[in-house]
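A quick write-up on the structure given underneath.
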Amino acid sequence: MPLELLLTFLSVTFLLSASPGPAMLSCMTDAANYGIKKTFLSMLGISAGNVLLILLSALGVGLLLQKFPSAFIWIQYLGAIYLIYLGIEVCRRSGLSLSTTTQLRDSHLFMKGFLIAATNPKGIIYFGALFPQFIQLSQNWILQYVYLSIIVLLIDLGWMYIYAIAGRKIMQWIKSPIHQKRFNQVTGGLLIMAGLALGFIH
């Protein structure tokens with residue numbers, strides 16, 4: 001891959017990954033409520049969801065969604081409903097959830113992250129339409145998919161960790177359970193707004 005094309009890919013991926021979408025907000029709230037260690041399970045789930053989108057992209061699902069846009073709309077609605085549900089759950093948490101981290105199943109965090117990533121239209125558009133634009137058919141496209149995918153996953157993990165640290169620091173700074181509950185309500189409200197935007201803005 002030419003250096004100019006690689007730098008463009010890195011710039012686009014870095015900026016898109018940095019945007020505070022559902023995955024990043026989820027990492028932020030999980031770290032605030034359950035701690036960094038538990039949040040790594042959410043990160044792994046999100047990464048697994050991204051890997052699924054990469055595999056689907058390699059299989060040409062991007063072209064399929066262009067021919068059958070209704071499939072994309074249904075995925076979009078499912079993602080919107082799930083985000084709204086998550087937002088409501090976060091809003092309902094008390095400020096004492098940090099003391100109940102051991103009661104949370106690891107598989108729950110992993111699957112939550114996986115579903116957020118797998119139904120995220122931004123990810124579907126990125127991996128289905130934008131990502132393939134950086135693949136040069138004159139070269140080994142499988143190897144290109146592999147190393148570009150590794151780059152994407154590493155950048156995404158880096159930003160997820162930054163958001164998780166931010167969420168954890170905020171929750172530690174807010175000592176009062178009432179203020180912690182307010183934080184949950186704000187971040188939960190943002191997830192609900194993201195879900196509403198996802199479902200009604202086309």
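Within each chain, counting starts at residue 1; across the structure tokens, chains are named A, B, ... in the order shown, with ligands numbered 1 upward in that order.
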- Close residues, region 45-51 of chain A itself excluded, 12 Å, only C-alpha atoms, min 5 positions apart in chain, as a ChimeraX atom specification: /A:17,22-27,38-40,56-58,106-128,131,145-146,148-160
- Query: Rounded to one decimal in Å, what is the spacing between CA of Gln144 (chain A) and CA of Ala18 (chain A)?
  - Reply: 23.0 Å
- Message: What's around Ala31 (chain A) at 10 Å? Count only C-alpha atoms, leave out sequence neighbours fewer than 5 positions away in its own chain, and write the answer as a PyMOL selection string.
- Response: chain A and resi 25-26+36-40+42+98+161+163-171
Since we have the selection now, will you write its residues out, keeping C-alpha atoms, as a PDB file, in the first residue's frame?
```pdb
ATOM      1  CA  LEU A  25     -20.038   5.781  25.670  1.00  0.00           C
ATOM      2  CA  SER A  26     -20.608   2.182  26.753  1.00  0.00           C
ATOM      3  CA  ILE A  36     -11.450  -0.883  34.203  1.00  0.00           C
ATOM      4  CA  LYS A  37     -10.861  -4.631  34.574  1.00  0.00           C
ATOM      5  CA  LYS A  38     -14.494  -5.481  33.877  1.00  0.00           C
ATOM      6  CA  THR A  39     -14.612  -2.982  31.025  1.00  0.00           C
ATOM      7  CA  PHE A  40     -11.961  -4.955  29.133  1.00  0.00           C
ATOM      8  CA  SER A  42     -16.836  -4.894  26.951  1.00  0.00           C
ATOM      9  CA  LEU A  98     -19.276  -0.036  42.075  1.00  0.00           C
ATOM     10  CA  TYR A 161      -9.321   2.536  26.936  1.00  0.00           C
ATOM     11  CA  TYR A 163     -12.868   6.654  27.304  1.00  0.00           C
ATOM     12  CA  ALA A 164     -12.869   3.988  30.026  1.00  0.00           C
ATOM     13  CA  ILE A 165     -10.170   5.829  31.989  1.00  0.00           C
ATOM     14  CA  ALA A 166     -12.168   9.055  31.654  1.00  0.00           C
ATOM     15  CA  GLY A 167     -15.334   7.405  32.934  1.00  0.00           C
ATOM     16  CA  ARG A 168     -13.539   5.792  35.866  1.00  0.00           C
ATOM     17  CA  LYS A 169     -11.806   9.045  36.845  1.00  0.00           C
ATOM     18  CA  ILE A 170     -15.081  10.944  36.724  1.00  0.00           C
ATOM     19  CA  MET A 171     -16.811   8.405  38.955  1.00  0.00           C
TER      20      MET A 171
END
```
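Note that CA of Val12 (chain A) and CA of Leu78 (chain A) are 26.5 Å apart.
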- One residue among A:Gln133, A:Ser138, A:Thr187, A:Gln172 is nearest to Leu6 (chain A) when using only C-alpha atoms, and that residue is A:Gln133
- Query: In Å to one decimal, how far is CA of Arg182 (chain A) from CA of Asp30 (chain A)?
  - Reply: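 Going from CA of Asp30 (chain A) over to CA of Arg182 (chain A), I get 15.0 Å.
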